[in-house]
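Novice: Take this structure first; my questions come after.
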Amino acid sequence: MTLASMARKYEPRKVPETKVATSAMIASLAAEGYEAQPAPFGHALVDLAKKDPRIVGLSADLSKYTDLHIFANAMPDRFYQMGMAEQLLFSAAAGLAREGFIPFATTYAVFASRRAYDFIAMAIAEENLPVKIACALPGLTTGYGPSHQATEDLAIFRGLPNMVIIDPCDACDVAGMVPAMVAHDGPVYARLLRGKVPTVLTRHKPDYKFQLGKAQTIREGRDVLVIASGIMTMRALDAAEKLAAGNVDVGVLHVPTIKPLDVETIRAEAAKGGRLVVTAENHTVNGGLGEAVARTLLTDGIAPRFRMIGLPDAFLEAGALPTLHDMYGLSVDKVAEQIKGWL
Amino acid sequence: MTAEIRFDARSNISLDLRAWNIRRKALLMGEVQGQGYIGQALGVADVLATSYFHAMDYRSEDPEWEGRDRFLLSIGHYAIALYAALMEADILPEGELATYGMDDSRMPMSGMASYTPGMEITGGSLGHGLGIAVGMAMGLKRKQNPAFVYNLMSDGELGEGSTWEAVMSATQWKLDNLICIVDFNNQQADGPSRDALAVGAEAPKWEAFGWHAQEVDGNDLDALVAAFDAARDLKDAKPRVIICNTKMCNGVDFLEARESNHFVRVEADEWSKALAVLEEEKPQ
């Protein structure tokens, strides 16, 4: 008996005329017309750890894939390889935090949010311990399918009291968030961009600096306000340039801190005269930035025309990332197309 | 010999009396709420007496003293037993005994770090303690602090995969400052632990994972004292486990005889009866 959900696997396929490779990681981000920096997380952490002896690093067999190997190589006696054991990774990080250290624990976003959730909730968040959780492959940034695609991590951690959540856009954000994570006395979950990470925000706004808990306007625009986090801010900025050619003026508000949400700035921007408000997130539309913004606006009686760009409530397909980003509406073209369609 | 080693390392009160006091205080708390994990508390009282009055170093007036041995209660529902021990150790005031489980009490039904002085972690989601203990033992080594980390867990927690992640890690990092105590009463919520998840051959299993393992009668104070001494004095660079075979409700015979006693039902009039039974057994 074949389950309906399995039926497609019996359909034969033809070899395509053009070869498209599955990308394991969003390496293609670096090739989208922006300059890139290597391993901004790893280097920022080493710089900080030189000054702060409380910092230690732990990974569950993914230091190379979370840029923590930069730290491990620079400070081997401050790095703990915990093996392929995520429950242990976060429990041990909690134990180190109890003894006065500031542990940075890294793995993939799926494994932290799904597999180790109870340990993060009870051993770390309930006791408000300063464990810094930095996770690669957030949202749809791998073509490996649902086992590696953390499409609901923000929703999961938004439900967790005490947890601060960061969704960085680029190398400026990643490098800037590391000292902010240490300065915050409590647990932090940060989505991580690793490898060659593009520098986006300072090209659009030269004086941009990451500030924990602050949303910042990166681009002004009269017709549309896009409220975006993570890599979707980059997509929104590129889509805004495309739309400008057709005389559509799109503003972009970047919200790298998902929790606590900068509700004052979001309200003030959304209340500015008659713009279509669009949220854009690399995450399921359930329980992420879009719904958080909607709640904020509705609670305050601010009712602009409102639309959401995000991933569907579905287990996503495997394949090449550009294909998938087109398919699910996260590519620059699709973002621009959707906004145009709503005007 | 026996009289000597059984003496409380901290005072001239015997360990027997310490264990008896812990049982009595736990029964008094149970009476306050008319419920509680009293079977576990009576069973583990000797283990706690040995921990707090023979093995561990701490300061009653400063529960967070940096030099203290850390005691983690992985099994949150054993809180009633630990509160009794903490009161006996003057870490909690005995005057608060009658607040047990009440609104705004510092002694909630399940143990939590933010409520109770001397409670190092929030237990209760089972299989957490040993992993946290691994991190704390690593942290103590980083600080060159010679304190030990004790993690008290139940046999039921041997079913949690996270326990075995921590078991392997403690060996990997040669955590000779970690002492795990397994309260093996062979009772979990639905019945005997041995019938639930192929629990058995415990000491050889831990030894195979690289631990120094001892299995003792957890209601025999002489045996416990010897086992804790051996665990602390061992020179090998490996973590240590003491598997304590205990009897649920130990010390109150009519409760011991009760079947299916993970959560022992005690009728309203039986608390005073149990205290009276205990009174007859009061050591010198």
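Ligands are numbered from 1 in the order shown, chains are lettered A, B, ... in the order of the structure tokens, and residues start at 1 in each chain.
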Quick one: residues within 9 Å of segment 304-312 of chain A, only C-alpha atoms counted, chain neighbours fewer than 3 positions away excluded, as a JSON list (two decimals) with C-alpha atoms, in the first residue's frame?
Specialist:
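The new file around.json reads:
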[["chain", "number", "residue", "atom", "x", "y", "z"],
["A", 139, "GLY", "CA", 15.06, 28.69, 7.79],
["A", 140, "LEU", "CA", 15.49, 27.71, 4.17],
["A", 151, "THR", "CA", 11.65, 26.57, 9.12],
["A", 270, "ALA", "CA", 3.80, 51.31, 10.24],
["A", 271, "ALA", "CA", 1.72, 54.29, 11.33],
["A", 273, "GLY", "CA", 0.83, 57.46, 6.22],
["A", 274, "GLY", "CA", -0.84, 54.98, 3.95],
["A", 275, "ARG", "CA", 1.96, 52.60, 3.05],
["A", 276, "LEU", "CA", 1.38, 48.92, 2.30],
["A", 277, "VAL", "CA", 3.09, 47.01, 5.11],
["A", 278, "VAL", "CA", 4.78, 43.74, 4.15],
["A", 279, "THR", "CA", 6.67, 41.48, 6.53],
["A", 280, "ALA", "CA", 9.40, 39.27, 5.10],
["A", 281, "GLU", "CA", 11.00, 36.37, 6.95],
["A", 282, "ASN", "CA", 13.04, 33.28, 6.18],
["A", 283, "HIS", "CA", 10.68, 31.17, 8.30],
["A", 284, "THR", "CA", 7.22, 29.67, 8.21],
["A", 285, "VAL", "CA", 4.49, 32.31, 8.27],
["A", 286, "ASN", "CA", 3.26, 30.60, 11.46],
["A", 288, "GLY", "CA", 7.49, 34.19, 13.31],
["A", 290, "GLY", "CA", 5.04, 38.44, 10.54],
["A", 291, "GLU", "CA", 2.62, 37.31, 13.21],
["A", 294, "ALA", "CA", 0.62, 41.78, 13.16],
["A", 297, "LEU", "CA", -0.10, 46.62, 15.09],
["A", 315, "PHE", "CA", 7.60, 20.43, 4.80],
["A", 316, "LEU", "CA", 9.71, 21.93, 2.03],
["A", 328, "TYR", "CA", 8.67, 29.50, -2.00],
["A", 329, "GLY", "CA", 8.77, 33.21, -2.75],
["A", 330, "LEU", "CA", 12.02, 34.21, -1.04],
["A", 335, "VAL", "CA", 9.68, 39.30, -3.43],
["A", 338, "GLN", "CA", 4.60, 39.69, -4.75],
["A", 339, "ILE", "CA", 4.88, 43.32, -3.63],
["A", 342, "TRP", "CA", -0.35, 43.68, -3.85]]
Novice: Can you list, as a CSV table (one decimal) with C-alpha atoms, in the first residue's frame, every protein, DNA or RNA residue that comes within 7 Å of Phe184 of chain B when you count only C-alpha atoms, leaving out same-chain residues fewer than 4 positions away?
Specialist:
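Once everything was written out, this is part.csv:
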chain,number,residue,atom,x,y,z
B,154,SER,CA,16.7,7.6,39.8
B,155,ASP,CA,16.8,4.2,38.1
B,243,ILE,CA,24.3,2.5,42.5
B,244,CYS,CA,22.3,2.4,45.7
B,245,ASN,CA,19.7,-0.4,46.0
B,246,THR,CA,17.1,1.1,48.2
Novice: Among segment 128-204 of chain B, which ones does DSSP place in strand (DSSP E), written as a list in words?
Specialist: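 So the strand (DSSP E) residues in segment 128-204 of chain B would be Val149, Tyr150, Asn151, Leu152, Met153, Ser154, Leu178, Ile179, Cys180, Ile181, Val182, Asp183 and Phe184 of chain B.
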Novice: Point out the residue among B:His262, B:Gly135, B:Ser125, B:Asp233 with the least atom-to-atom distance to Val131 of chain A, counting only C-alpha atoms.
Specialist: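 Among the listed residues, the smallest separation from Val131 of chain A belongs to B:Gly135.
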Novice: Quote the spacing between atom CA of Phe157 of chain A and atom CA of Tyr80 of chain A in Å to one decimal place.
Specialist: 24.6 Å
Novice: Residues of chain A no more than 9 Å from chain B, counting only C-alpha atoms: send them over as a count of residues only.
Specialist: 27
Novice: Please identify which residues in segment 131-268 of chain A DSSP calls alpha helix (DSSP H) from the backbone, and express them as a tab-separated table (two decimals) with C-alpha atoms, in the first residue's frame.
Specialist:
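The resulting out35.tsv:
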chain	number	residue	atom	x	y	z
A	153	ASP	CA	12.88	27.64	14.90
A	154	LEU	CA	11.75	31.22	15.57
A	155	ALA	CA	8.23	30.07	16.44
A	156	ILE	CA	9.62	27.46	18.81
A	157	PHE	CA	11.94	29.83	20.64
A	158	ARG	CA	9.48	32.75	20.64
A	171	ALA	CA	28.37	39.89	8.15
A	172	CYS	CA	27.87	43.26	9.94
A	173	ASP	CA	25.03	41.80	11.98
A	174	VAL	CA	26.85	38.54	12.71
A	175	ALA	CA	30.02	40.30	13.88
A	176	GLY	CA	28.01	42.90	15.79
A	177	MET	CA	25.72	40.47	17.55
A	178	VAL	CA	28.53	38.50	19.24
A	179	PRO	CA	29.51	41.21	21.77
A	180	ALA	CA	25.82	42.05	22.24
A	181	MET	CA	25.09	38.40	23.10
A	182	VAL	CA	27.80	38.47	25.77
A	183	ALA	CA	26.64	41.83	27.14
A	201	LEU	CA	23.67	46.62	5.40
A	202	THR	CA	26.62	49.03	5.43
A	203	ARG	CA	26.47	49.28	1.65
A	204	HIS	CA	22.91	50.59	1.93
A	231	ILE	CA	18.50	37.33	4.91
A	232	MET	CA	15.08	38.62	3.88
A	233	THR	CA	16.28	42.14	4.63
A	234	MET	CA	18.88	41.63	1.91
A	235	ARG	CA	16.19	40.30	-0.43
A	236	ALA	CA	13.91	43.23	0.40
A	237	LEU	CA	16.68	45.76	-0.28
A	238	ASP	CA	17.45	44.17	-3.64
A	239	ALA	CA	13.77	43.92	-4.51
A	240	ALA	CA	13.34	47.60	-3.55
A	241	GLU	CA	16.00	48.58	-6.10
A	242	LYS	CA	14.24	46.55	-8.75
A	243	LEU	CA	10.87	48.09	-7.93
A	244	ALA	CA	12.36	51.61	-7.89
A	263	VAL	CA	7.54	47.40	19.02
A	264	GLU	CA	7.95	51.19	19.34
A	265	THR	CA	9.88	51.52	16.08
A	266	ILE	CA	7.61	49.06	14.28
A	267	ARG	CA	4.46	50.91	15.38
A	268	ALA	CA	5.92	54.31	14.49
Novice: Go through segment 129-204 of chain A residue by residue and, counting only C-alpha atoms, keep those with an atom at most 6 Å from segment 318-325 of chain A; for each kept residue give the shortest atom pair and its distance in Å to one decimal, ordered by chain and increasing number, as CSV.
Specialist:
residue,atom,partner,partner_atom,distance
A:Gly143,CA,A:Gly319,CA,4.8
A:Tyr144,CA,A:Ala318,CA,5.2
A:Gly145,CA,A:Ala318,CA,4.4
Novice: Write the residues of the preceding selection, restricted to C-alpha atoms, as a short mmCIF file (atom, residue, chain, number, x, y, z; two decimals), in the first residue's frame.
Specialist:
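Output file out_1.cif follows:
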data_model
loop_
_atom_site.label_atom_id
_atom_site.label_comp_id
_atom_site.auth_asym_id
_atom_site.auth_seq_id
_atom_site.Cartn_x
_atom_site.Cartn_y
_atom_site.Cartn_z
CA GLY A 143 18.58 22.17 -0.02
CA TYR A 144 18.75 19.01 2.06
CA GLY A 145 15.06 18.94 2.91
#
Novice: Which polymer residues have any atom within 9 Å of an atom of segment 32-47 of chain B, counting only C-alpha atoms, with same-chain residues fewer than 3 positions away left out, as a PDB file with C-alpha atoms, in the first residue's frame?
Specialist:
ATOM      1  CA  LEU B  15      24.452   9.351  60.865  1.00  0.00           C
ATOM      2  CA  ASP B  16      21.691   7.009  62.009  1.00  0.00           C
ATOM      3  CA  ARG B  18      20.540  12.187  60.783  1.00  0.00           C
ATOM      4  CA  ALA B  19      18.834   9.657  58.518  1.00  0.00           C
ATOM      5  CA  TRP B  20      16.042   9.228  61.038  1.00  0.00           C
ATOM      6  CA  ASN B  21      15.571  13.002  61.262  1.00  0.00           C
ATOM      7  CA  ILE B  22      15.380  13.237  57.462  1.00  0.00           C
ATOM      8  CA  ARG B  23      12.674  10.544  57.412  1.00  0.00           C
ATOM      9  CA  ARG B  24      10.761  12.264  60.174  1.00  0.00           C
ATOM     10  CA  ALA B  26       9.762  14.203  55.211  1.00  0.00           C
ATOM     11  CA  LEU B  27       6.798  12.523  56.918  1.00  0.00           C
ATOM     12  CA  LEU B  28       5.873  15.790  58.618  1.00  0.00           C
ATOM     13  CA  MET B  29       5.909  17.544  55.238  1.00  0.00           C
ATOM     14  CA  THR B  50      25.660  10.058  54.023  1.00  0.00           C
ATOM     15  CA  SER B  51      25.952  12.816  51.397  1.00  0.00           C
ATOM     16  CA  TYR B  52      25.228  15.770  53.674  1.00  0.00           C
ATOM     17  CA  HIS B  77       9.887  14.931  42.653  1.00  0.00           C
ATOM     18  CA  TYR B  78      12.374  13.819  45.325  1.00  0.00           C
ATOM     19  CA  ALA B  79      12.365  17.420  46.540  1.00  0.00           C
ATOM     20  CA  ILE B  80      10.527  16.458  49.738  1.00  0.00           C
ATOM     21  CA  ALA B  81      13.530  14.311  50.673  1.00  0.00           C
ATOM     22  CA  LEU B  82      16.090  16.986  49.827  1.00  0.00           C
ATOM     23  CA  ALA B  84      14.307  17.394  54.768  1.00  0.00           C
ATOM     24  CA  ALA B  85      18.075  17.003  54.316  1.00  0.00           C
ATOM     25  CA  LEU B  97       8.527  22.951  57.207  1.00  0.00           C
ATOM     26  CA  ALA B  98       4.787  23.543  57.473  1.00  0.00           C
ATOM     27  CA  THR B  99       4.829  25.685  54.301  1.00  0.00           C
ATOM     28  CA  TYR B 100       5.716  22.651  52.159  1.00  0.00           C
ATOM     29  CA  GLY B 101       3.813  22.775  48.861  1.00  0.00           C
ATOM     30  CA  MET B 102       1.810  25.856  49.875  1.00  0.00           C
ATOM     31  CA  MET B 109       6.342  19.947  45.281  1.00  0.00           C
ATOM     32  CA  ILE B 181      24.389   8.407  42.718  1.00  0.00           C
ATOM     33  CA  ASP B 183      18.752   5.571  43.650  1.00  0.00           C
ATOM     34  CA  ASN B 185      14.380   1.409  44.042  1.00  0.00           C
ATOM     35  CA  GLY B 218      21.461   2.022  49.847  1.00  0.00           C
ATOM     36  CA  ASN B 219      19.807   1.545  53.210  1.00  0.00           C
ATOM     37  CA  ASP B 220      23.000   0.347  54.912  1.00  0.00           C
ATOM     38  CA  LEU B 221      24.854   3.354  56.297  1.00  0.00           C
ATOM     39  CA  LEU B 224      27.192   3.874  51.974  1.00  0.00           C
ATOM     40  CA  CYS B 244      22.288   2.390  45.690  1.00  0.00           C
ATOM     41  CA  THR B 246      17.082   1.129  48.172  1.00  0.00           C
ATOM     42  CA  LYS B 247      13.745   0.040  49.492  1.00  0.00           C
ATOM     43  CA  MET B 248      10.773   2.329  48.932  1.00  0.00           C
ATOM     44  CA  CYS B 249       9.269   3.524  52.238  1.00  0.00           C
ATOM     45  CA  ASN B 250      12.229   2.150  54.206  1.00  0.00           C
ATOM     46  CA  GLY B 251      11.738   2.541  57.921  1.00  0.00           C
ATOM     47  CA  VAL B 252       7.926   2.427  58.006  1.00  0.00           C
ATOM     48  CA  LEU B 255       4.089   1.431  54.011  1.00  0.00           C
ATOM     49  CA  GLU B 256       6.953  -0.777  52.819  1.00  0.00           C
ATOM     50  CA  ASN B 261       4.295   2.424  45.571  1.00  0.00           C
ATOM     51  CA  HIS B 262       5.800   4.945  43.121  1.00  0.00           C
ATOM     52  CA  PHE B 263       3.326   7.486  44.465  1.00  0.00           C
ATOM     53  CA  VAL B 264       2.317   6.067  47.798  1.00  0.00           C
ATOM     54  CA  ARG B 265      -1.212   6.771  48.880  1.00  0.00           C
ATOM     55  CA  VAL B 266      -1.279   7.533  52.555  1.00  0.00           C
ATOM     56  CA  GLU B 267      -4.650   8.028  54.202  1.00  0.00           C
ATOM     57  CA  ALA B 268      -5.182  11.082  56.404  1.00  0.00           C
ATOM     58  CA  TRP B 271       0.686  10.015  58.628  1.00  0.00           C
TER      59      TRP B 271
END
Novice: Rounded to one decimal in Å, what is the spacing between atom CA of Met56 of chain B and atom CA of Asp236 of chain B?
Specialist: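 Separation between atom CA of Met56 of chain B and atom CA of Asp236 of chain B: 19.8 Å.
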Novice: Name the residues in contact with Asn128 of chain A at a cut-off of 9 Å, using only C-alpha atoms, excluding same-chain residues fewer than 3 positions from it; report them as a PyMOL selection string.
Specialist: chain A and resi 123-125+131+161-163+185-187
Novice: Please compute the atom CA of Glu207 of chain B-atom CA of Val225 of chain B distance, one decimal, in Å.
Specialist: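 Distance reported for this atom pair: 20.9 Å.
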